[in-house]
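The file my_file.cif comes next; it holds mmCIF, C-alpha atoms, pLDDT in the B column; chains and numbers go by the auth columns.
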```cif
data_upload
#
loop_
_atom_site.group_PDB
_atom_site.id
_atom_site.type_symbol
_atom_site.label_atom_id
_atom_site.label_comp_id
_atom_site.label_asym_id
_atom_site.label_seq_id
_atom_site.Cartn_x
_atom_site.Cartn_y
_atom_site.Cartn_z
_atom_site.B_iso_or_equiv
_atom_site.auth_seq_id
_atom_site.auth_asym_id
ATOM 1 C CA MET A 1 0.000 0.000 0.000 51.00 988 A
ATOM 2 C CA SER A 2 1.426 3.356 -0.941 53.00 989 A
ATOM 3 C CA ASN A 3 0.978 6.697 0.713 56.00 990 A
ATOM 4 C CA LYS A 4 1.842 10.278 -0.146 54.00 991 A
ATOM 5 C CA PHE A 5 4.593 10.399 2.458 58.00 992 A
ATOM 6 C CA GLY A 6 7.678 8.321 3.055 67.00 993 A
ATOM 7 C CA ASN A 7 8.428 5.039 4.702 91.00 994 A
ATOM 8 C CA VAL A 8 5.887 3.330 6.936 94.00 995 A
ATOM 9 C CA THR A 9 7.089 1.543 10.060 96.00 996 A
ATOM 10 C CA TYR A 10 4.983 -0.984 11.932 96.00 997 A
ATOM 11 C CA CYS A 11 5.969 -1.124 15.606 96.00 998 A
ATOM 12 C CA PRO A 12 4.632 -4.416 17.047 96.00 999 A
ATOM 13 C CA PRO A 13 4.316 -5.261 20.755 95.00 1000 A
ATOM 14 C CA ASP A 14 7.555 -7.296 20.725 93.00 1001 A
ATOM 15 C CA GLY A 15 9.569 -4.210 19.687 92.00 1002 A
ATOM 16 C CA ASP A 16 10.920 -5.733 16.458 94.00 1003 A
ATOM 17 C CA ASP A 17 9.950 -2.878 14.097 96.00 1004 A
ATOM 18 C CA ILE A 18 9.108 -3.695 10.492 95.00 1005 A
ATOM 19 C CA GLU A 19 9.978 -1.135 7.817 94.00 1006 A
ATOM 20 C CA ASN A 20 7.516 -0.802 4.932 93.00 1007 A
ATOM 21 C CA PRO A 21 5.459 -3.870 5.901 93.00 1008 A
ATOM 22 C CA ASP A 22 3.073 -5.505 3.518 91.00 1009 A
ATOM 23 C CA VAL A 23 -0.365 -4.050 4.220 91.00 1010 A
ATOM 24 C CA GLU A 24 -1.799 -7.576 4.464 94.00 1011 A
ATOM 25 C CA LEU A 25 0.453 -8.240 7.460 95.00 1012 A
ATOM 26 C CA ILE A 26 -1.004 -5.290 9.359 95.00 1013 A
ATOM 27 C CA ARG A 27 -4.532 -6.130 8.229 96.00 1014 A
ATOM 28 C CA ASN A 28 -4.172 -9.714 9.462 96.00 1015 A
ATOM 29 C CA ILE A 29 -2.792 -8.541 12.797 95.00 1016 A
ATOM 30 C CA VAL A 30 -5.702 -6.150 13.314 95.00 1017 A
ATOM 31 C CA LEU A 31 -8.370 -8.604 12.191 95.00 1018 A
ATOM 32 C CA TYR A 32 -7.054 -11.961 13.400 94.00 1019 A
ATOM 33 C CA GLU A 33 -4.457 -11.761 16.175 92.00 1020 A
ATOM 34 C CA ASN A 34 -5.849 -12.863 19.517 85.00 1021 A
ATOM 35 C CA GLU A 35 -5.385 -11.409 22.976 83.00 1022 A
ATOM 36 C CA GLY A 36 -2.075 -13.227 23.515 86.00 1023 A
ATOM 37 C CA TYR A 37 -0.406 -11.183 20.775 91.00 1024 A
ATOM 38 C CA TRP A 38 -1.286 -7.979 22.616 87.00 1025 A
ATOM 39 C CA LYS A 39 0.003 -9.181 25.992 85.00 1026 A
ATOM 40 C CA GLN A 40 3.583 -9.620 24.801 88.00 1027 A
ATOM 41 C CA GLY A 41 6.252 -6.931 25.024 91.00 1028 A
ATOM 42 C CA SER A 42 4.889 -3.408 25.236 91.00 1029 A
ATOM 43 C CA GLY A 43 1.258 -4.474 24.814 90.00 1030 A
ATOM 44 C CA GLU A 44 0.604 -2.099 21.932 93.00 1031 A
ATOM 45 C CA SER A 45 1.345 -1.582 18.250 95.00 1032 A
ATOM 46 C CA GLY A 46 2.013 1.572 16.332 96.00 1033 A
ATOM 47 C CA ILE A 47 2.223 2.963 12.844 97.00 1034 A
ATOM 48 C CA GLU A 48 4.842 5.621 12.160 96.00 1035 A
ATOM 49 C CA ILE A 49 5.041 7.391 8.822 95.00 1036 A
ATOM 50 C CA GLN A 50 8.054 9.388 7.723 92.00 1037 A
ATOM 51 C CA GLY A 51 6.991 13.027 7.407 91.00 1038 A
ATOM 52 C CA VAL A 52 3.977 12.681 9.734 93.00 1039 A
ATOM 53 C CA ASN A 53 4.267 14.096 13.252 93.00 1040 A
ATOM 54 C CA GLU A 54 1.723 11.742 14.807 94.00 1041 A
ATOM 55 C CA GLN A 55 1.938 8.025 15.507 96.00 1042 A
ATOM 56 C CA LEU A 56 -1.164 5.835 15.443 97.00 1043 A
ATOM 57 C CA ILE A 57 -1.175 3.503 18.445 96.00 1044 A
ATOM 58 C CA PHE A 58 -3.536 0.543 18.745 96.00 1045 A
ATOM 59 C CA PHE A 59 -4.194 -2.714 20.560 94.00 1046 A
ATOM 60 C CA ASN A 60 -6.883 -5.356 20.821 93.00 1047 A
ATOM 61 C CA TYR A 61 -8.498 -5.372 24.268 90.00 1048 A
ATOM 62 C CA GLN A 62 -9.511 -8.842 25.468 83.00 1049 A
ATOM 63 C CA ASP A 63 -11.103 -9.497 22.085 78.00 1050 A
ATOM 64 C CA ARG A 64 -13.788 -6.902 22.978 87.00 1051 A
ATOM 65 C CA GLY A 65 -12.518 -4.435 20.407 92.00 1052 A
ATOM 66 C CA VAL A 66 -9.558 -2.398 19.230 94.00 1053 A
ATOM 67 C CA PHE A 67 -8.385 0.758 20.985 93.00 1054 A
ATOM 68 C CA ILE A 68 -6.863 3.412 18.691 96.00 1055 A
ATOM 69 C CA MET A 69 -5.117 6.661 19.618 96.00 1056 A
ATOM 70 C CA LEU A 70 -3.102 9.355 17.878 96.00 1057 A
ATOM 71 C CA SER A 71 0.019 10.232 19.813 94.00 1058 A
ATOM 72 C CA PRO A 72 1.287 12.637 21.079 93.00 1059 A
ATOM 73 C CA ASP A 73 -2.095 14.443 21.284 91.00 1060 A
ATOM 74 C CA TYR A 74 -4.082 11.601 22.898 93.00 1061 A
ATOM 75 C CA GLU A 75 -6.820 11.905 20.270 95.00 1062 A
ATOM 76 C CA VAL A 76 -9.122 8.898 20.083 95.00 1063 A
ATOM 77 C CA PRO A 77 -12.036 8.022 17.837 94.00 1064 A
ATOM 78 C CA VAL A 78 -15.196 7.172 19.741 90.00 1065 A
ATOM 79 C CA VAL A 79 -17.673 4.510 18.744 79.00 1066 A
ATOM 80 C CA SER A 80 -20.800 6.373 19.744 66.00 1067 A
ATOM 81 C CA SER A 81 -21.872 9.623 21.270 57.00 1068 A
ATOM 82 C CA THR A 82 -20.948 9.663 24.927 53.00 1069 A
ATOM 83 C CA ASN A 83 -23.681 12.172 25.855 56.00 1070 A
ATOM 84 C CA ASN A 84 -21.653 13.196 28.915 58.00 1071 A
ATOM 85 C CA LYS A 85 -22.263 9.863 30.625 61.00 1072 A
ATOM 86 C CA VAL A 86 -19.616 8.050 32.621 62.00 1073 A
ATOM 87 C CA GLN A 87 -18.024 5.293 30.581 75.00 1074 A
ATOM 88 C CA GLU A 88 -16.842 1.914 31.830 84.00 1075 A
ATOM 89 C CA THR A 89 -13.147 2.268 32.623 87.00 1076 A
ATOM 90 C CA LEU A 90 -10.943 -0.484 31.216 86.00 1077 A
ATOM 91 C CA VAL A 91 -7.284 -1.217 31.984 86.00 1078 A
ATOM 92 C CA HIS A 92 -4.623 -2.484 29.578 88.00 1079 A
ATOM 93 C CA HIS A 93 -0.942 -2.859 30.433 86.00 1080 A
ATOM 94 C CA ILE A 94 1.425 -0.906 28.200 87.00 1081 A
ATOM 95 C CA GLY A 95 5.099 -1.258 28.930 85.00 1082 A
ATOM 96 C CA GLY A 96 4.215 -2.783 32.297 83.00 1083 A
ATOM 97 C CA ASN A 97 2.125 0.222 33.344 86.00 1084 A
ATOM 98 C CA GLU A 98 -1.638 0.443 33.689 89.00 1085 A
ATOM 99 C CA PHE A 99 -3.265 2.410 30.889 88.00 1086 A
ATOM 100 C CA ARG A 100 -6.870 3.354 31.606 89.00 1087 A
ATOM 101 C CA PHE A 101 -9.379 4.189 28.895 89.00 1088 A
ATOM 102 C CA PRO A 102 -13.163 4.243 28.436 90.00 1089 A
ATOM 103 C CA ASP A 103 -15.063 1.495 26.654 89.00 1090 A
ATOM 104 C CA CYS A 104 -16.450 3.974 24.097 90.00 1091 A
ATOM 105 C CA CYS A 105 -12.981 3.859 22.497 92.00 1092 A
ATOM 106 C CA LEU A 106 -13.206 0.171 21.528 92.00 1093 A
ATOM 107 C CA PHE A 107 -13.938 -0.484 17.867 93.00 1094 A
ATOM 108 C CA PRO A 108 -15.000 -3.659 16.094 94.00 1095 A
ATOM 109 C CA LYS A 109 -12.013 -5.048 14.212 94.00 1096 A
ATOM 110 C CA ALA A 110 -13.380 -4.190 10.749 95.00 1097 A
ATOM 111 C CA ASP A 111 -13.904 -0.532 11.718 95.00 1098 A
ATOM 112 C CA ALA A 112 -10.491 -0.454 13.379 95.00 1099 A
ATOM 113 C CA TRP A 113 -8.907 -1.679 10.160 96.00 1100 A
ATOM 114 C CA THR A 114 -10.686 1.109 8.235 95.00 1101 A
ATOM 115 C CA ILE A 115 -9.210 3.723 10.617 96.00 1102 A
ATOM 116 C CA ILE A 116 -5.710 2.212 10.538 96.00 1103 A
ATOM 117 C CA GLN A 117 -5.701 1.729 6.759 95.00 1104 A
ATOM 118 C CA ASN A 118 -6.808 5.343 6.249 95.00 1105 A
ATOM 119 C CA PHE A 119 -3.921 6.546 8.425 95.00 1106 A
ATOM 120 C CA ILE A 120 -1.399 4.435 6.497 94.00 1107 A
ATOM 121 C CA VAL A 121 -2.616 5.828 3.157 92.00 1108 A
ATOM 122 C CA SER A 122 -3.285 9.462 4.084 92.00 1109 A
ATOM 123 C CA GLY A 123 -1.198 10.106 7.206 92.00 1110 A
ATOM 124 C CA MET A 124 -4.332 11.576 8.784 93.00 1111 A
ATOM 125 C CA LYS A 125 -7.226 10.540 10.969 92.00 1112 A
ATOM 126 C CA THR A 126 -10.364 9.519 9.146 91.00 1113 A
ATOM 127 C CA GLU A 127 -13.328 11.860 9.345 90.00 1114 A
ATOM 128 C CA LYS A 128 -15.690 8.884 9.266 91.00 1115 A
ATOM 129 C CA PHE A 129 -15.614 8.810 13.083 91.00 1116 A
ATOM 130 C CA GLN A 130 -15.709 11.483 15.768 91.00 1117 A
ATOM 131 C CA TRP A 131 -12.288 12.157 17.372 94.00 1118 A
ATOM 132 C CA VAL A 132 -11.863 13.659 20.847 94.00 1119 A
ATOM 133 C CA GLU A 133 -9.070 14.100 23.339 94.00 1120 A
ATOM 134 C CA LEU A 134 -8.955 10.984 25.507 91.00 1121 A
ATOM 135 C CA TYR A 135 -8.909 12.876 28.784 90.00 1122 A
ATOM 136 C CA ASP A 136 -11.918 15.000 27.803 88.00 1123 A
ATOM 137 C CA LEU A 137 -14.019 11.831 28.113 87.00 1124 A
ATOM 138 C CA ASP A 138 -15.678 11.045 31.428 83.00 1125 A
ATOM 139 C CA PHE A 139 -13.959 7.973 32.870 80.00 1126 A
ATOM 140 C CA GLU A 140 -11.769 7.098 35.835 80.00 1127 A
ATOM 141 C CA HIS A 141 -8.373 7.842 34.320 76.00 1128 A
ATOM 142 C CA GLY A 142 -6.568 7.989 37.661 72.00 1129 A
ATOM 143 C CA PHE A 143 -5.312 11.576 37.442 66.00 1130 A
#
```
Take the structure in the file and give it back as structure tokens.
Amino acid sequence: MSNKFGNVTYCPPDGDDIENPDVELIRNIVLYENEGYWKQGSGESGIEIQGVNEQLIFFNYQDRGVFIMLSPDYEVPVVSSTNNKVQETLVHHIGGNEFRFPDCCLFPKADAWTIIQNFIVSGMKTEKFQWVELYDLDFEHGF
């Protein structure tokens, strides 16, 4: 898959980065890897694109859905309108540390692939979903 920028790097949980990976590899990871894949190493994956200031970070949470975030701005797409209600707070371990996030940030795998594929091609977040700052959502983030 080509993009309008430079090299794409896939950063898997085990830390063994893959330069210019075949898009099918990333697609298969998003759609088919089970929870065990996401518990190894750092516990997260990322997409870095040469010439793009943001990194797309993602992981599968207990096969309930895929969490996606743009770093360094902590922007996340949300599945549905939160209507200012408190979300269920979930915990995933990243680099051995607890990372808390609300359940409204979990996407079905097919939708997650759409978001990730769009980022790989365009270097930008898709406008198909609403994006908000993670810590603007109402959940028990621990701060």
A:Ile1005: which residues within 12 Å, counting all atoms listed in the file, same-chain residues fewer than 3 positions away excluded, as a short mmCIF file (atom, residue, chain, number, x, y, z; two decimals) with C-alpha atoms, keeping the file's coordinate frame?
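Written output follows (around18.cif):
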```cif
data_model
loop_
_atom_site.label_atom_id
_atom_site.label_comp_id
_atom_site.auth_asym_id
_atom_site.auth_seq_id
_atom_site.Cartn_x
_atom_site.Cartn_y
_atom_site.Cartn_z
CA ASN A 994 8.43 5.04 4.70
CA VAL A 995 5.89 3.33 6.94
CA THR A 996 7.09 1.54 10.06
CA TYR A 997 4.98 -0.98 11.93
CA CYS A 998 5.97 -1.12 15.61
CA PRO A 999 4.63 -4.42 17.05
CA PRO A 1000 4.32 -5.26 20.76
CA ASP A 1001 7.56 -7.30 20.72
CA GLY A 1002 9.57 -4.21 19.69
CA PRO A 1008 5.46 -3.87 5.90
CA ASP A 1009 3.07 -5.50 3.52
CA VAL A 1010 -0.36 -4.05 4.22
CA LEU A 1012 0.45 -8.24 7.46
CA ILE A 1013 -1.00 -5.29 9.36
CA SER A 1032 1.34 -1.58 18.25
CA GLY A 1033 2.01 1.57 16.33
CA ILE A 1034 2.22 2.96 12.84
CA GLU A 1035 4.84 5.62 12.16
CA ILE A 1036 5.04 7.39 8.82
#
```
Need the shell around A:Gly1129: protein/DNA/RNA residues with any atom at most 12 Å away, counting all atoms listed in the file. Skip same-chain ones fewer than 3 positions apart. Format as JSON, numbers by chain? {"A": [1076, 1077, 1078, 1085, 1086, 1087, 1088, 1089, 1122, 1125, 1126]}
Looking at all atoms listed in the file, which of A:Lys1026, A:His1079, A:Lys1112, A:His1128 is the one that sits closest to A:Glu1062?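 The shortest atom-to-atom distance to A:Glu1062 comes from A:Lys1112.
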To one decimal place in Å, what is the distance between atom CA of A:Trp1118 and atom CA of A:Ile1081?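 According to the coordinates, atom CA of A:Trp1118 and atom CA of A:Ile1081 are separated by 21.8 Å.
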Could you tell me how far atom CA of A:Asn1021 lies from atom CA of A:Ile1044, in Å and to one decimal? 17.1 Å
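Relative to atom CA of A:Gln1104, atom CA of A:His1080 is found at 24.6 Å.
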Any chance you could work out the residue set of the PyMOL selection byres ((chain A and resi 1121) around 7) here, as JSON, numbers by chain? {"A": [1061, 1062, 1063, 1119, 1120, 1122, 1123, 1124]}
Residue contacts of A:Phe1116 (10 Å, all atoms listed in the file) excluding same-chain residues fewer than 5 positions away, as a PDB file with C-alpha atoms, in the frame of the given file:
```pdb
ATOM      1  CA  VAL A1063      -9.122   8.898  20.083  1.00 95.00           C
ATOM      2  CA  PRO A1064     -12.036   8.022  17.837  1.00 94.00           C
ATOM      3  CA  VAL A1065     -15.196   7.172  19.741  1.00 90.00           C
ATOM      4  CA  VAL A1066     -17.673   4.510  18.744  1.00 79.00           C
ATOM      5  CA  SER A1067     -20.800   6.373  19.744  1.00 66.00           C
ATOM      6  CA  ASP A1098     -13.904  -0.532  11.718  1.00 95.00           C
ATOM      7  CA  ILE A1102      -9.210   3.723  10.617  1.00 96.00           C
TER       8      ILE A1102
END
```
Convert the output of the PyMOL selection byres ((chain A and resi 1101) around 12) on the shown file into explicit residues, formatted as a VMD selection string. chain A and resid 1013 to 1014 1017 to 1018 1053 1055 1064 1094 to 1100 1102 to 1109 1112 to 1116
Within 6 Å of A:Glu1031, counting all atoms listed in the file, which residues qualify if same-chain residues fewer than 2 places away don't, as a PyMOL selection string? chain A and resi 1000+1029+1045-1046
Go ahead and dump the residues you just picked, C-alpha atoms, as a PDB file, keeping the file's coordinate frame.
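Final file, part_31.pdb:
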```pdb
ATOM      1  CA  PRO A1000       4.316  -5.261  20.755  1.00 95.00           C
ATOM      2  CA  SER A1029       4.889  -3.408  25.236  1.00 91.00           C
ATOM      3  CA  PHE A1045      -3.536   0.543  18.745  1.00 96.00           C
ATOM      4  CA  PHE A1046      -4.194  -2.714  20.560  1.00 94.00           C
TER       5      PHE A1046
END
```
Centre and edge lengths, as AutoDock Vina command-line options, for the axis-aligned box enclosing every listed atom of stretch 1043-1062 of chain A with 6 Å of padding on each of the six sides, in Å to one decimal?
```
--center_x -6.3 --center_y 2.5 --center_z 20.5 --size_x 27.1 --size_y 35.9 --size_z 22.0
```
Could you tell me which residues the PyMOL selection byres ((chain A and resi 1048) around 8) returns for this structure, as number ranges by chain? A: 1022, 1025, 1046-1047, 1049-1054, 1079, 1093
Those selected residues, please, written with C-alpha atoms and delivered as a PDB file, in the frame of the given file.
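The resulting part22.pdb:
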```
ATOM      1  CA  GLU A1022      -5.385 -11.409  22.976  1.00 83.00           C
ATOM      2  CA  TRP A1025      -1.286  -7.979  22.616  1.00 87.00           C
ATOM      3  CA  PHE A1046      -4.194  -2.714  20.560  1.00 94.00           C
ATOM      4  CA  ASN A1047      -6.883  -5.356  20.821  1.00 93.00           C
ATOM      5  CA  GLN A1049      -9.511  -8.842  25.468  1.00 83.00           C
ATOM      6  CA  ASP A1050     -11.103  -9.497  22.085  1.00 78.00           C
ATOM      7  CA  ARG A1051     -13.788  -6.902  22.978  1.00 87.00           C
ATOM      8  CA  GLY A1052     -12.518  -4.435  20.407  1.00 92.00           C
ATOM      9  CA  VAL A1053      -9.558  -2.398  19.230  1.00 94.00           C
ATOM     10  CA  PHE A1054      -8.385   0.758  20.985  1.00 93.00           C
ATOM     11  CA  HIS A1079      -4.623  -2.484  29.578  1.00 88.00           C
ATOM     12  CA  LEU A1093     -13.206   0.171  21.528  1.00 92.00           C
TER      13      LEU A1093
END
```
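The closest residue to A:Gln1027, picked from A:Glu1075, A:Glu1011, A:Asp1090, A:Asp1003 and counting all atoms listed in the file, is A:Asp1003.
Comparing the minimum interatomic distances between A:Met1111 and each of A:Gln1074, A:Asn1084, A:Asn1015, A:Asn1040, counting all atoms listed in the file, we find that A:Asn1040 sits nearest.
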All heavy atoms are what I want for stretch 1115-1126 of chain A; can you complete it accordingly and write them as a CSV table (one decimal), keeping the file's coordinate frame?
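Saved the output as rebuild.csv:
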```csv
chain,number,residue,atom,x,y,z
A,1115,LYS,N,-14.5,9.8,9.2
A,1115,LYS,CA,-15.7,8.9,9.3
A,1115,LYS,C,-16.2,8.7,10.7
A,1115,LYS,O,-17.3,8.5,10.9
A,1115,LYS,CB,-15.3,7.5,8.7
A,1115,LYS,CG,-16.5,6.5,8.7
A,1115,LYS,CD,-16.1,5.2,8.0
A,1115,LYS,CE,-17.3,4.3,8.0
A,1115,LYS,NZ,-16.9,3.0,7.4
A,1116,PHE,N,-15.3,8.9,11.7
A,1116,PHE,CA,-15.6,8.8,13.1
A,1116,PHE,C,-15.3,10.1,13.8
A,1116,PHE,O,-14.4,10.9,13.4
A,1116,PHE,CB,-14.8,7.7,13.7
A,1116,PHE,CG,-15.1,6.3,13.1
A,1116,PHE,CD1,-14.3,5.8,12.1
A,1116,PHE,CD2,-16.2,5.6,13.5
A,1116,PHE,CE1,-14.6,4.6,11.5
A,1116,PHE,CE2,-16.5,4.4,12.9
A,1116,PHE,CZ,-15.7,3.9,11.9
A,1117,GLN,N,-16.0,10.3,14.9
A,1117,GLN,CA,-15.7,11.5,15.8
A,1117,GLN,C,-14.4,11.2,16.6
A,1117,GLN,O,-14.2,10.2,17.1
A,1117,GLN,CB,-16.9,11.7,16.7
A,1117,GLN,CG,-16.7,12.8,17.7
A,1117,GLN,CD,-17.8,13.0,18.7
A,1117,GLN,OE1,-18.7,12.1,18.8
A,1117,GLN,NE2,-17.7,14.0,19.5
A,1118,TRP,N,-13.5,12.2,16.6
A,1118,TRP,CA,-12.3,12.2,17.4
A,1118,TRP,C,-12.3,13.2,18.5
A,1118,TRP,O,-12.8,14.3,18.3
A,1118,TRP,CB,-11.1,12.4,16.5
A,1118,TRP,CG,-10.8,11.4,15.5
A,1118,TRP,CD1,-11.5,11.2,14.3
A,1118,TRP,CD2,-9.8,10.4,15.5
A,1118,TRP,NE1,-11.0,10.1,13.6
A,1118,TRP,CE2,-9.9,9.6,14.3
A,1118,TRP,CE3,-8.7,10.2,16.4
A,1118,TRP,CZ2,-9.0,8.6,14.0
A,1118,TRP,CZ3,-7.9,9.1,16.1
A,1118,TRP,CH2,-8.0,8.3,14.9
A,1119,VAL,N,-11.9,12.8,19.7
A,1119,VAL,CA,-11.9,13.7,20.8
A,1119,VAL,C,-10.6,13.4,21.6
A,1119,VAL,O,-9.9,12.4,21.4
A,1119,VAL,CB,-13.1,13.4,21.8
A,1119,VAL,CG1,-14.4,13.7,21.1
A,1119,VAL,CG2,-13.0,12.0,22.3
A,1120,GLU,N,-10.2,14.3,22.5
A,1120,GLU,CA,-9.1,14.1,23.3
A,1120,GLU,C,-9.5,13.1,24.4
A,1120,GLU,O,-10.5,13.2,25.0
A,1120,GLU,CB,-8.6,15.4,24.0
A,1120,GLU,CG,-7.9,16.3,23.0
A,1120,GLU,CD,-7.3,17.5,23.7
A,1120,GLU,OE1,-6.9,17.5,24.8
A,1120,GLU,OE2,-7.3,18.6,23.0
A,1121,LEU,N,-8.6,12.1,24.6
A,1121,LEU,CA,-9.0,11.0,25.5
A,1121,LEU,C,-9.4,11.5,26.9
A,1121,LEU,O,-10.4,11.1,27.4
A,1121,LEU,CB,-7.7,10.0,25.6
A,1121,LEU,CG,-7.9,8.9,26.6
A,1121,LEU,CD1,-9.0,8.0,26.2
A,1121,LEU,CD2,-6.6,8.1,26.8
A,1122,TYR,N,-8.6,12.5,27.4
A,1122,TYR,CA,-8.9,12.9,28.8
A,1122,TYR,C,-10.0,13.9,28.9
A,1122,TYR,O,-10.4,14.4,30.0
A,1122,TYR,CB,-7.6,13.3,29.5
A,1122,TYR,CG,-6.7,12.2,29.5
A,1122,TYR,CD1,-5.5,12.1,28.8
A,1122,TYR,CD2,-7.0,11.1,30.4
A,1122,TYR,CE1,-4.7,11.0,28.8
A,1122,TYR,CE2,-6.1,10.0,30.4
A,1122,TYR,CZ,-5.0,9.9,29.6
A,1122,TYR,OH,-4.2,8.8,29.7
A,1123,ASP,N,-10.7,14.2,27.8
A,1123,ASP,CA,-11.9,15.0,27.8
A,1123,ASP,C,-13.1,14.1,28.0
A,1123,ASP,O,-14.2,14.6,28.3
A,1123,ASP,CB,-12.1,15.8,26.5
A,1123,ASP,CG,-11.2,17.0,26.4
A,1123,ASP,OD1,-10.6,17.4,27.5
A,1123,ASP,OD2,-11.1,17.6,25.3
A,1124,LEU,N,-12.9,12.8,27.9
A,1124,LEU,CA,-14.0,11.8,28.1
A,1124,LEU,C,-14.2,11.6,29.6
A,1124,LEU,O,-13.2,11.7,30.4
A,1124,LEU,CB,-13.7,10.5,27.4
A,1124,LEU,CG,-13.7,10.6,25.9
A,1124,LEU,CD1,-13.1,9.3,25.3
A,1124,LEU,CD2,-15.1,10.9,25.3
A,1125,ASP,N,-15.4,11.2,30.0
A,1125,ASP,CA,-15.7,11.0,31.4
A,1125,ASP,C,-15.5,9.6,31.8
A,1125,ASP,O,-16.3,8.7,31.5
A,1125,ASP,CB,-17.1,11.5,31.7
A,1125,ASP,CG,-17.4,11.6,33.2
A,1125,ASP,OD1,-16.5,11.4,34.0
A,1125,ASP,OD2,-18.6,11.8,33.6
A,1126,PHE,N,-14.3,9.3,32.4
A,1126,PHE,CA,-14.0,8.0,32.9
A,1126,PHE,C,-12.9,8.1,34.0
A,1126,PHE,O,-12.4,9.2,34.2
A,1126,PHE,CB,-13.4,7.1,31.7
A,1126,PHE,CG,-12.1,7.5,31.2
A,1126,PHE,CD1,-11.0,6.7,31.6
A,1126,PHE,CD2,-11.9,8.5,30.4
A,1126,PHE,CE1,-9.7,7.0,31.1
A,1126,PHE,CE2,-10.6,8.9,29.9
A,1126,PHE,CZ,-9.5,8.1,30.3
```
